[in-house]
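Data block below; observations after.
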Amino acid sequence: MISFEHRVVSEYKIKISKVDTLAKSIMNHREPKSTEAKEASEFLDVLVNEIDGFYKEHSEILSKNGKRPHARSRLPETKQWVDNIERFYELNPRRRPRK
């Protein structure tokens, strides 16, 4: 049986991949000033707001599993999140992301 913690982390990974895919397609669009690209950009803002809300709601679980807010996130990092993430990487040094 899958734990709630695993479900939250998996859902967060899926949400991040959606944002990254959409951002990549907007950046590579052949007409960046077209209405299609502008509407996609507005939808990207909606997805980022959704990720921010999800992270805020489940910040305890995500930070204890080494997950930071997305790079496009508008959330300010808190000391508790940073401490949880650093503690996770001290216990699991091989899982530290590449720079």
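By convention in this document, the chains of the structure tokens carry letters A, B, ... by their order, each chain's residues are numbered from 1, and ligands are numbered from 1 in the order they are shown.
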Name all residues at most 12 Å from Lys24 in chain A (count only C-alpha atoms; drop same-chain ones fewer than 4 positions away) and give them as a VMD selection string.
-> chain A and resid 17 to 20 28 to 29 32 37 40 to 41 44
Please produce a file of the residues just selected, as a JSON list (two decimals), in the first residue's frame, where the atoms kept are C-alpha atoms.
```
[["chain", "number", "residue", "atom", "x", "y", "z"],
["A", 17, "SER", "CA", 6.97, 18.25, -14.72],
["A", 18, "LYS", "CA", 3.81, 19.89, -16.10],
["A", 19, "VAL", "CA", 5.17, 23.36, -15.37],
["A", 20, "ASP", "CA", 8.59, 22.55, -16.82],
["A", 28, "ASN", "CA", 10.66, 27.26, -27.93],
["A", 29, "HIS", "CA", 7.50, 28.57, -29.57],
["A", 32, "PRO", "CA", 6.60, 34.17, -28.91],
["A", 37, "ALA", "CA", 1.97, 31.87, -26.46],
["A", 40, "ALA", "CA", -0.03, 29.55, -22.51],
["A", 41, "SER", "CA", 1.95, 31.98, -20.37],
["A", 44, "LEU", "CA", 1.63, 28.76, -16.70]]
```
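When the distance limit is 9 Å and only C-alpha atoms are what count, the residues near Ile61 in chain A, minus those fewer than 5 positions from it on the same chain, are Glu5, Val8, Val9 and Lys67 of chain A.
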Show which residues sit within 12 Å of Trp81 in chain A, as a list in words. Count only C-alpha atoms, and ignore same-chain residues fewer than 2 positions away.
-> Tyr55, Lys56, His58, Ser59, Glu60, Ile61, Leu62, Ser63, Lys64, Asn65, Gly66, Lys67, Arg68, Pro69, Leu75, Pro76, Glu77, Thr78, Lys79, Asp83, Asn84, Ile85, Glu86, Arg87 and Phe88 of chain A
Residues at most 8 Å from Ile51 in chain A, counting only C-alpha atoms, excluding those fewer than 3 positions away in the same chain, as a list of chain:residue names?
->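 Skipping anything fewer than 3 positions along the chain leaves A:Tyr12, A:Lys15, A:Ile16, A:Leu47, A:Val48, A:Phe54, A:Tyr55, A:His70, A:Ser73.
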Alpha helix (DSSP H) per DSSP on the backbone: members of range 19-89 of chain A, as number ranges by chain | A: 19-27, 35-57, 59-64, 79-89
